[in-house]
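Chemist: Sharing final-v3.pdb (PDB, C-alpha atoms) below.
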ATOM      1  CA  MET A   1      73.925  66.144  78.512  1.00  0.00           C
ATOM      2  CA  GLU A   2      73.388  66.347  82.244  1.00  0.00           C
ATOM      3  CA  GLU A   3      74.175  69.687  83.842  1.00  0.00           C
ATOM      4  CA  ARG A   4      77.506  69.638  85.707  1.00  0.00           C
ATOM      5  CA  HIS A   5      78.851  71.999  88.336  1.00  0.00           C
ATOM      6  CA  LEU A   6      82.574  72.478  88.932  1.00  0.00           C
ATOM      7  CA  LEU A   7      84.165  74.752  91.523  1.00  0.00           C
ATOM      8  CA  LEU A   8      87.803  75.787  91.059  1.00  0.00           C
ATOM      9  CA  PHE A   9      89.556  76.857  94.261  1.00  0.00           C
ATOM     10  CA  ASP A  10      93.021  77.632  95.617  1.00  0.00           C
ATOM     11  CA  GLY A  11      94.320  74.243  96.730  1.00  0.00           C
ATOM     12  CA  VAL A  12      96.895  75.588  99.201  1.00  0.00           C
ATOM     13  CA  CYS A  13      94.552  78.024 100.957  1.00  0.00           C
ATOM     14  CA  SER A  14      93.420  76.734 104.357  1.00  0.00           C
ATOM     15  CA  PHE A  15      90.201  78.740 104.215  1.00  0.00           C
ATOM     16  CA  CYS A  16      89.417  77.553 100.674  1.00  0.00           C
ATOM     17  CA  ASN A  17      89.973  73.905 101.589  1.00  0.00           C
ATOM     18  CA  GLY A  18      87.759  74.276 104.641  1.00  0.00           C
ATOM     19  CA  SER A  19      85.091  75.927 102.505  1.00  0.00           C
ATOM     20  CA  VAL A  20      85.179  73.075 100.003  1.00  0.00           C
ATOM     21  CA  ARG A  21      84.776  70.520 102.811  1.00  0.00           C
ATOM     22  CA  TRP A  22      81.866  72.601 104.148  1.00  0.00           C
ATOM     23  CA  LEU A  23      80.232  72.716 100.696  1.00  0.00           C
ATOM     24  CA  ALA A  24      80.694  68.971 100.125  1.00  0.00           C
ATOM     25  CA  ALA A  25      79.050  68.214 103.473  1.00  0.00           C
ATOM     26  CA  ARG A  26      76.042  70.393 102.593  1.00  0.00           C
ATOM     27  CA  ASP A  27      75.589  69.024  99.079  1.00  0.00           C
ATOM     28  CA  PRO A  28      73.918  65.653  99.804  1.00  0.00           C
ATOM     29  CA  ARG A  29      73.023  65.152  96.140  1.00  0.00           C
ATOM     30  CA  ALA A  30      76.738  65.528  95.281  1.00  0.00           C
ATOM     31  CA  ARG A  31      76.019  67.927  92.439  1.00  0.00           C
ATOM     32  CA  LEU A  32      79.229  69.892  92.944  1.00  0.00           C
ATOM     33  CA  ARG A  33      82.620  68.713  91.716  1.00  0.00           C
ATOM     34  CA  PHE A  34      85.856  70.360  92.782  1.00  0.00           C
ATOM     35  CA  THR A  35      89.306  71.011  91.381  1.00  0.00           C
ATOM     36  CA  THR A  36      92.199  73.217  92.365  1.00  0.00           C
ATOM     37  CA  LEU A  37      93.225  76.261  90.372  1.00  0.00           C
ATOM     38  CA  GLN A  38      96.703  74.713  90.341  1.00  0.00           C
ATOM     39  CA  GLY A  39      95.608  71.439  88.676  1.00  0.00           C
ATOM     40  CA  GLU A  40      95.333  69.877  85.219  1.00  0.00           C
ATOM     41  CA  THR A  41      91.584  70.392  84.966  1.00  0.00           C
ATOM     42  CA  ALA A  42      91.939  74.120  85.637  1.00  0.00           C
ATOM     43  CA  ALA A  43      94.682  74.385  83.002  1.00  0.00           C
ATOM     44  CA  ALA A  44      92.425  72.689  80.418  1.00  0.00           C
ATOM     45  CA  LEU A  45      89.551  75.001  81.350  1.00  0.00           C
ATOM     46  CA  ARG A  46      91.778  78.089  81.025  1.00  0.00           C
ATOM     47  CA  ALA A  47      92.652  76.985  77.495  1.00  0.00           C
ATOM     48  CA  ARG A  48      88.930  77.140  76.636  1.00  0.00           C
ATOM     49  CA  HIS A  49      88.063  80.061  78.905  1.00  0.00           C
ATOM     50  CA  PRO A  50      90.823  82.675  79.153  1.00  0.00           C
ATOM     51  CA  GLU A  51      88.616  84.679  81.541  1.00  0.00           C
ATOM     52  CA  ILE A  52      89.594  82.217  84.286  1.00  0.00           C
ATOM     53  CA  PRO A  53      92.576  84.033  85.779  1.00  0.00           C
ATOM     54  CA  GLU A  54      95.863  82.467  86.788  1.00  0.00           C
ATOM     55  CA  ALA A  55      95.672  84.464  90.037  1.00  0.00           C
ATOM     56  CA  LEU A  56      94.760  82.284  92.982  1.00  0.00           C
ATOM     57  CA  GLU A  57      92.598  84.946  94.598  1.00  0.00           C
ATOM     58  CA  THR A  58      89.619  84.220  92.346  1.00  0.00           C
ATOM     59  CA  MET A  59      87.257  81.312  92.811  1.00  0.00           C
ATOM     60  CA  ALA A  60      85.672  80.129  89.564  1.00  0.00           C
ATOM     61  CA  TYR A  61      82.498  78.144  89.011  1.00  0.00           C
ATOM     62  CA  VAL A  62      81.917  76.389  85.695  1.00  0.00           C
ATOM     63  CA  GLN A  63      78.419  75.282  84.803  1.00  0.00           C
ATOM     64  CA  SER A  64      78.298  72.792  81.923  1.00  0.00           C
ATOM     65  CA  HIS A  65      75.157  71.820  80.042  1.00  0.00           C
ATOM     66  CA  ALA A  66      74.042  70.841  76.554  1.00  0.00           C
ATOM     67  CA  ALA A  67      74.427  74.406  75.264  1.00  0.00           C
ATOM     68  CA  GLY A  68      78.036  74.666  76.475  1.00  0.00           C
ATOM     69  CA  GLU A  69      79.938  75.971  79.473  1.00  0.00           C
ATOM     70  CA  ARG A  70      79.465  79.169  81.446  1.00  0.00           C
ATOM     71  CA  VAL A  71      82.111  80.584  83.766  1.00  0.00           C
ATOM     72  CA  PHE A  72      81.358  82.668  86.835  1.00  0.00           C
ATOM     73  CA  LEU A  73      84.003  84.368  88.975  1.00  0.00           C
ATOM     74  CA  ARG A  74      84.346  85.775  92.487  1.00  0.00           C
ATOM     75  CA  SER A  75      81.063  86.710  94.205  1.00  0.00           C
ATOM     76  CA  GLU A  76      79.026  85.562  91.200  1.00  0.00           C
ATOM     77  CA  ALA A  77      80.549  82.092  91.612  1.00  0.00           C
ATOM     78  CA  LEU A  78      79.871  82.165  95.345  1.00  0.00           C
ATOM     79  CA  TRP A  79      76.145  82.886  95.191  1.00  0.00           C
ATOM     80  CA  ARG A  80      75.604  80.456  92.309  1.00  0.00           C
ATOM     81  CA  VAL A  81      77.285  77.652  94.260  1.00  0.00           C
ATOM     82  CA  LEU A  82      75.248  78.444  97.379  1.00  0.00           C
ATOM     83  CA  ALA A  83      72.082  78.292  95.259  1.00  0.00           C
ATOM     84  CA  LEU A  84      72.858  74.616  94.504  1.00  0.00           C
ATOM     85  CA  LEU A  85      72.773  73.626  98.167  1.00  0.00           C
ATOM     86  CA  ASP A  86      69.757  72.481 100.128  1.00  0.00           C
ATOM     87  CA  SER A  87      67.962  74.721 102.622  1.00  0.00           C
ATOM     88  CA  PRO A  88      68.761  76.804 104.513  1.00  0.00           C
ATOM     89  CA  TRP A  89      71.970  77.604 102.598  1.00  0.00           C
ATOM     90  CA  ARG A  90      70.386  78.151  99.198  1.00  0.00           C
ATOM     91  CA  HIS A  91      68.371  81.015 100.707  1.00  0.00           C
ATOM     92  CA  VAL A  92      71.589  82.969 101.305  1.00  0.00           C
ATOM     93  CA  ALA A  93      72.177  83.169  97.527  1.00  0.00           C
ATOM     94  CA  PRO A  94      69.387  85.697  96.760  1.00  0.00           C
ATOM     95  CA  VAL A  95      70.562  87.888  99.635  1.00  0.00           C
ATOM     96  CA  LEU A  96      74.091  87.981  98.207  1.00  0.00           C
ATOM     97  CA  ARG A  97      72.808  88.515  94.702  1.00  0.00           C
ATOM     98  CA  ALA A  98      70.754  91.512  95.848  1.00  0.00           C
ATOM     99  CA  LEU A  99      73.941  93.422  96.676  1.00  0.00           C
ATOM    100  CA  PRO A 100      75.443  95.391  93.779  1.00  0.00           C
ATOM    101  CA  ARG A 101      77.992  93.224  91.960  1.00  0.00           C
ATOM    102  CA  GLY A 102      80.725  95.851  92.228  1.00  0.00           C
ATOM    103  CA  LEU A 103      80.351  95.941  96.008  1.00  0.00           C
ATOM    104  CA  ARG A 104      80.192  92.128  96.255  1.00  0.00           C
ATOM    105  CA  ASP A 105      83.362  91.738  94.200  1.00  0.00           C
ATOM    106  CA  ARG A 106      85.252  94.451  96.145  1.00  0.00           C
ATOM    107  CA  LEU A 107      84.387  92.690  99.412  1.00  0.00           C
ATOM    108  CA  TYR A 108      85.284  89.310  97.912  1.00  0.00           C
ATOM    109  CA  LEU A 109      88.697  90.520  96.686  1.00  0.00           C
ATOM    110  CA  ALA A 110      89.454  92.335  99.951  1.00  0.00           C
ATOM    111  CA  PHE A 111      88.900  89.078 101.833  1.00  0.00           C
ATOM    112  CA  ALA A 112      90.732  86.972  99.217  1.00  0.00           C
ATOM    113  CA  ARG A 113      93.842  89.130  99.544  1.00  0.00           C
ATOM    114  CA  ARG A 114      93.917  88.607 103.322  1.00  0.00           C
ATOM    115  CA  ARG A 115      92.895  84.947 103.578  1.00  0.00           C
ATOM    116  CA  TYR A 116      96.445  83.534 103.876  1.00  0.00           C
ATOM    117  CA  ARG A 117      97.218  85.971 106.685  1.00  0.00           C
ATOM    118  CA  LEU A 118      93.962  85.178 108.476  1.00  0.00           C
ATOM    119  CA  PHE A 119      93.754  81.393 107.951  1.00  0.00           C
ATOM    120  CA  GLY A 120      97.165  80.285 106.728  1.00  0.00           C
ATOM    121  CA  LYS A 121      98.610  78.622 103.677  1.00  0.00           C
ATOM    122  CA  LEU A 122      99.258  74.910 103.226  1.00  0.00           C
ATOM    123  CA  ASP A 123     102.503  73.466 101.877  1.00  0.00           C
ATOM    124  CA  ALA A 124     100.558  71.278  99.440  1.00  0.00           C
ATOM    125  CA  CYS A 125      97.000  70.545  98.357  1.00  0.00           C
ATOM    126  CA  PRO A 126      95.514  68.103 100.908  1.00  0.00           C
ATOM    127  CA  LEU A 127      93.852  64.885  99.849  1.00  0.00           C
ATOM    128  CA  PRO A 128      90.047  64.881 100.029  1.00  0.00           C
ATOM    129  CA  ARG A 129      88.211  62.711 102.525  1.00  0.00           C
ATOM    130  CA  PRO A 130      87.678  59.195 101.138  1.00  0.00           C
ATOM    131  CA  GLU A 131      83.913  59.705 100.936  1.00  0.00           C
ATOM    132  CA  ASP A 132      84.446  62.845  98.788  1.00  0.00           C
ATOM    133  CA  ALA A 133      87.362  61.637  96.629  1.00  0.00           C
ATOM    134  CA  LYS A 134      85.243  60.862  93.543  1.00  0.00           C
ATOM    135  CA  ARG A 135      84.032  64.480  93.513  1.00  0.00           C
ATOM    136  CA  PHE A 136      87.556  65.889  93.026  1.00  0.00           C
ATOM    137  CA  LEU A 137      89.135  66.207  89.591  1.00  0.00           C
ATOM    138  CA  PRO A 138      92.922  66.390  89.002  1.00  0.00           C
TER     139      PRO A 138
END
Using the file provided, produce a representation of the structure as structure tokens.
Modeler:
Amino acid sequence: MEERHLLLFDGVCSFCNGSVRWLAARDPRARLRFTTLQGETAAALRARHPEIPEALETMAYVQSHAAGERVFLRSEALWRVLALLDSPWRHVAPVLRALPRGLRDRLYLAFARRRYRLFGKLDACPLPRPEDAKRFLP
């Protein structure tokens, strides 16, 4: 089985949607797939992985391979996703990872709780760009 990479994000968060577009543009090999935390794919994943919270303030990254699936949350998800990108972005991952996880997650959650106020909230999940549509799961 080929290794797969799936990022779950808040589909009505303006910042999150912008971040996903940014990631897609910097992933020329199209290794990353995306789905919203509000969607069918996320619901199916939660059935298998109850550690994926219902709360929309937590990004989740699911890495699938022959041995199974691994779930990473919050700052752990962030640096692992950045590590998939080409240079120079993949070099940010070790810098983030070097910070203590407790500190990384506190900073992550502090930002996540303020992101709607800072960047706004959408009325609905926007459609992906046509060139990225095949990378988005329901």
Chemist: Kindly resolve the PyMOL selection byres ((chain A and resi 56) around 12) on the present coordinates and return the residues as a ChimeraX atom specification.
Modeler: /A:8-13,16,36-39,42,52-55,57-60,73-74,109,112-113,115-116,121
Chemist: Take the PyMOL selection byres ((chain A and resi 63) around 6), apply it to the structure above, and return the hits as a ChimeraX atom specification.
Modeler: /A:4-5,62,64,69-70
Chemist: Starting from the shown file, work through the PyMOL selection byres ((chain A and resi 34) around 7) and note down what comes out as a list in words.
Modeler: Leu6, Leu7, Leu8, Leu32, Arg33, Thr35, Thr36, Arg135, Phe136 and Leu137 of chain A
Chemist: Can you tell me how far CA of Arg129 in chain A sits from CA of Trp89 in chain A, in Å to one decimal?
Modeler: 22.0 Å
Chemist: Expressed in Å to a single decimal, how great is the separation between CA of Gly120 in chain A and CA of Pro50 in chain A?
Modeler: 28.4 Å
Chemist: Adding 8 Å on each side of the box along x, y and z that holds all listed atoms of range 65-69 of chain A, could you give its centre and edge lengths in Å to one decimal, as AutoDock Vina command-line options?
Modeler:
--center_x 77.0 --center_y 73.4 --center_z 77.7 --size_x 21.9 --size_y 21.1 --size_z 20.8
Chemist: Give one line per residue of range 7-68 of chain A that approaches range 82-87 of chain A to at most 12 Å, naming the two atoms of the closest pair and their distance in Å to one decimal, counting all atoms listed in the file; sort by chain then ascending residue number and deliver it as a Markdown table.
Modeler:
| residue | atom | partner | partner_atom | distance |
| --- | --- | --- | --- | --- |
| A:Leu7 | CA | A:Leu82 | CA | 11.3 |
| A:Ser19 | CA | A:Leu82 | CA | 11.4 |
| A:Val20 | CA | A:Leu82 | CA | 11.6 |
| A:Trp22 | CA | A:Leu85 | CA | 10.9 |
| A:Leu23 | CA | A:Leu85 | CA | 7.9 |
| A:Ala24 | CA | A:Leu85 | CA | 9.4 |
| A:Ala25 | CA | A:Leu85 | CA | 9.8 |
| A:Arg26 | CA | A:Leu85 | CA | 6.4 |
| A:Asp27 | CA | A:Leu85 | CA | 5.5 |
| A:Pro28 | CA | A:Asp86 | CA | 8.0 |
| A:Arg29 | CA | A:Leu85 | CA | 8.7 |
| A:Ala30 | CA | A:Leu85 | CA | 9.5 |
| A:Arg31 | CA | A:Leu84 | CA | 7.7 |
| A:Leu32 | CA | A:Leu84 | CA | 8.1 |
| A:Arg33 | CA | A:Leu84 | CA | 11.7 |
| A:Tyr61 | CA | A:Leu82 | CA | 11.1 |
| A:Gln63 | CA | A:Leu84 | CA | 11.2 |
Chemist: For CA of Glu76 in chain A and CA of Glu51 in chain A, determine how far apart the two atoms are, in Å to one decimal place.
Modeler: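 Spanning CA of Glu76 in chain A to CA of Glu51 in chain A is a straight-line distance of 13.6 Å.
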Chemist: Starting from the incomplete input, reconstruct N, CA, C and O atoms of range 107-133 of chain A and report them as a PDB file, in the coordinates of the input.
Modeler:
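And here's selection_12.pdb as it stands now:
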ATOM      1  N   LEU A 107      84.317  93.390  98.133  1.00  0.00           N
ATOM      2  CA  LEU A 107      84.387  92.690  99.412  1.00  0.00           C
ATOM      3  C   LEU A 107      85.058  91.330  99.248  1.00  0.00           C
ATOM      4  O   LEU A 107      85.890  90.925 100.066  1.00  0.00           O
ATOM      5  N   TYR A 108      84.693  90.622  98.196  1.00  0.00           N
ATOM      6  CA  TYR A 108      85.284  89.310  97.912  1.00  0.00           C
ATOM      7  C   TYR A 108      86.803  89.438  97.765  1.00  0.00           C
ATOM      8  O   TYR A 108      87.567  88.699  98.382  1.00  0.00           O
ATOM      9  N   LEU A 109      87.259  90.373  96.933  1.00  0.00           N
ATOM     10  CA  LEU A 109      88.697  90.520  96.686  1.00  0.00           C
ATOM     11  C   LEU A 109      89.438  91.016  97.924  1.00  0.00           C
ATOM     12  O   LEU A 109      90.577  90.598  98.168  1.00  0.00           O
ATOM     13  N   ALA A 110      88.813  91.872  98.709  1.00  0.00           N
ATOM     14  CA  ALA A 110      89.454  92.335  99.951  1.00  0.00           C
ATOM     15  C   ALA A 110      89.698  91.151 100.883  1.00  0.00           C
ATOM     16  O   ALA A 110      90.778  91.028 101.484  1.00  0.00           O
ATOM     17  N   PHE A 111      88.722  90.269 100.997  1.00  0.00           N
ATOM     18  CA  PHE A 111      88.900  89.078 101.833  1.00  0.00           C
ATOM     19  C   PHE A 111      89.929  88.136 101.209  1.00  0.00           C
ATOM     20  O   PHE A 111      90.802  87.605 101.902  1.00  0.00           O
ATOM     21  N   ALA A 112      89.829  87.905  99.904  1.00  0.00           N
ATOM     22  CA  ALA A 112      90.732  86.972  99.217  1.00  0.00           C
ATOM     23  C   ALA A 112      92.199  87.386  99.399  1.00  0.00           C
ATOM     24  O   ALA A 112      93.067  86.527  99.550  1.00  0.00           O
ATOM     25  N   ARG A 113      92.457  88.657  99.400  1.00  0.00           N
ATOM     26  CA  ARG A 113      93.842  89.130  99.544  1.00  0.00           C
ATOM     27  C   ARG A 113      94.382  88.949 100.964  1.00  0.00           C
ATOM     28  O   ARG A 113      95.581  88.976 101.174  1.00  0.00           O
ATOM     29  N   ARG A 114      93.503  88.749 101.921  1.00  0.00           N
ATOM     30  CA  ARG A 114      93.917  88.607 103.322  1.00  0.00           C
ATOM     31  C   ARG A 114      93.767  87.178 103.861  1.00  0.00           C
ATOM     32  O   ARG A 114      94.124  86.911 104.996  1.00  0.00           O
ATOM     33  N   ARG A 115      93.236  86.277 103.072  1.00  0.00           N
ATOM     34  CA  ARG A 115      92.895  84.947 103.578  1.00  0.00           C
ATOM     35  C   ARG A 115      94.099  84.154 104.053  1.00  0.00           C
ATOM     36  O   ARG A 115      94.005  83.431 105.037  1.00  0.00           O
ATOM     37  N   TYR A 116      95.256  84.253 103.406  1.00  0.00           N
ATOM     38  CA  TYR A 116      96.445  83.534 103.876  1.00  0.00           C
ATOM     39  C   TYR A 116      96.870  84.055 105.246  1.00  0.00           C
ATOM     40  O   TYR A 116      97.224  83.292 106.129  1.00  0.00           O
ATOM     41  N   ARG A 117      96.830  85.364 105.406  1.00  0.00           N
ATOM     42  CA  ARG A 117      97.218  85.971 106.685  1.00  0.00           C
ATOM     43  C   ARG A 117      96.256  85.567 107.792  1.00  0.00           C
ATOM     44  O   ARG A 117      96.668  85.304 108.924  1.00  0.00           O
ATOM     45  N   LEU A 118      94.968  85.496 107.471  1.00  0.00           N
ATOM     46  CA  LEU A 118      93.962  85.178 108.476  1.00  0.00           C
ATOM     47  C   LEU A 118      93.881  83.677 108.794  1.00  0.00           C
ATOM     48  O   LEU A 118      93.681  83.298 109.942  1.00  0.00           O
ATOM     49  N   PHE A 119      94.003  82.824 107.771  1.00  0.00           N
ATOM     50  CA  PHE A 119      93.754  81.393 107.951  1.00  0.00           C
ATOM     51  C   PHE A 119      94.951  80.502 107.653  1.00  0.00           C
ATOM     52  O   PHE A 119      94.933  79.321 107.953  1.00  0.00           O
ATOM     53  N   GLY A 120      95.965  81.056 107.014  1.00  0.00           N
ATOM     54  CA  GLY A 120      97.165  80.285 106.728  1.00  0.00           C
ATOM     55  C   GLY A 120      97.184  79.705 105.329  1.00  0.00           C
ATOM     56  O   GLY A 120      96.196  79.712 104.597  1.00  0.00           O
ATOM     57  N   LYS A 121      98.362  79.205 104.991  1.00  0.00           N
ATOM     58  CA  LYS A 121      98.610  78.622 103.677  1.00  0.00           C
ATOM     59  C   LYS A 121      99.217  77.243 103.892  1.00  0.00           C
ATOM     60  O   LYS A 121     100.079  77.061 104.740  1.00  0.00           O
ATOM     61  N   LEU A 122      98.773  76.284 103.120  1.00  0.00           N
ATOM     62  CA  LEU A 122      99.258  74.910 103.226  1.00  0.00           C
ATOM     63  C   LEU A 122     100.490  74.728 102.342  1.00  0.00           C
ATOM     64  O   LEU A 122     100.670  75.434 101.352  1.00  0.00           O
ATOM     65  N   ASP A 123     101.321  73.762 102.690  1.00  0.00           N
ATOM     66  CA  ASP A 123     102.503  73.466 101.877  1.00  0.00           C
ATOM     67  C   ASP A 123     102.132  72.741 100.584  1.00  0.00           C
ATOM     68  O   ASP A 123     102.854  72.804  99.591  1.00  0.00           O
ATOM     69  N   ALA A 124     101.022  72.029 100.607  1.00  0.00           N
ATOM     70  CA  ALA A 124     100.558  71.278  99.440  1.00  0.00           C
ATOM     71  C   ALA A 124      99.049  71.132  99.514  1.00  0.00           C
ATOM     72  O   ALA A 124      98.445  71.323 100.569  1.00  0.00           O
ATOM     73  N   CYS A 125      98.443  70.786  98.383  1.00  0.00           N
ATOM     74  CA  CYS A 125      97.000  70.545  98.357  1.00  0.00           C
ATOM     75  C   CYS A 125      96.701  69.262  99.136  1.00  0.00           C
ATOM     76  O   CYS A 125      97.277  68.217  98.844  1.00  0.00           O
ATOM     77  N   PRO A 126      95.826  69.317 100.139  1.00  0.00           N
ATOM     78  CA  PRO A 126      95.514  68.103 100.908  1.00  0.00           C
ATOM     79  C   PRO A 126      94.645  67.142 100.101  1.00  0.00           C
ATOM     80  O   PRO A 126      93.946  67.533  99.174  1.00  0.00           O
ATOM     81  N   LEU A 127      94.705  65.894 100.471  1.00  0.00           N
ATOM     82  CA  LEU A 127      93.852  64.885  99.849  1.00  0.00           C
ATOM     83  C   LEU A 127      92.435  65.032 100.391  1.00  0.00           C
ATOM     84  O   LEU A 127      92.237  65.327 101.572  1.00  0.00           O
ATOM     85  N   PRO A 128      91.432  64.814  99.536  1.00  0.00           N
ATOM     86  CA  PRO A 128      90.047  64.881 100.029  1.00  0.00           C
ATOM     87  C   PRO A 128      89.738  63.691 100.929  1.00  0.00           C
ATOM     88  O   PRO A 128      90.430  62.673 100.899  1.00  0.00           O
ATOM     89  N   ARG A 129      88.682  63.830 101.712  1.00  0.00           N
ATOM     90  CA  ARG A 129      88.211  62.711 102.525  1.00  0.00           C
ATOM     91  C   ARG A 129      87.814  61.573 101.589  1.00  0.00           C
ATOM     92  O   ARG A 129      87.330  61.829 100.479  1.00  0.00           O
ATOM     93  N   PRO A 130      88.002  60.334 102.018  1.00  0.00           N
ATOM     94  CA  PRO A 130      87.678  59.195 101.138  1.00  0.00           C
ATOM     95  C   PRO A 130      86.250  59.248 100.580  1.00  0.00           C
ATOM     96  O   PRO A 130      86.035  58.933  99.414  1.00  0.00           O
ATOM     97  N   GLU A 131      85.307  59.674 101.390  1.00  0.00           N
ATOM     98  CA  GLU A 131      83.913  59.705 100.936  1.00  0.00           C
ATOM     99  C   GLU A 131      83.674  60.796  99.884  1.00  0.00           C
ATOM    100  O   GLU A 131      82.677  60.780  99.168  1.00  0.00           O
ATOM    101  N   ASP A 132      84.596  61.766  99.776  1.00  0.00           N
ATOM    102  CA  ASP A 132      84.446  62.845  98.788  1.00  0.00           C
ATOM    103  C   ASP A 132      85.402  62.704  97.602  1.00  0.00           C
ATOM    104  O   ASP A 132      85.322  63.483  96.658  1.00  0.00           O
ATOM    105  N   ALA A 133      86.292  61.740  97.626  1.00  0.00           N
ATOM    106  CA  ALA A 133      87.362  61.637  96.629  1.00  0.00           C
ATOM    107  C   ALA A 133      86.845  61.619  95.196  1.00  0.00           C
ATOM    108  O   ALA A 133      87.448  62.260  94.314  1.00  0.00           O
TER     109      ALA A 133
END
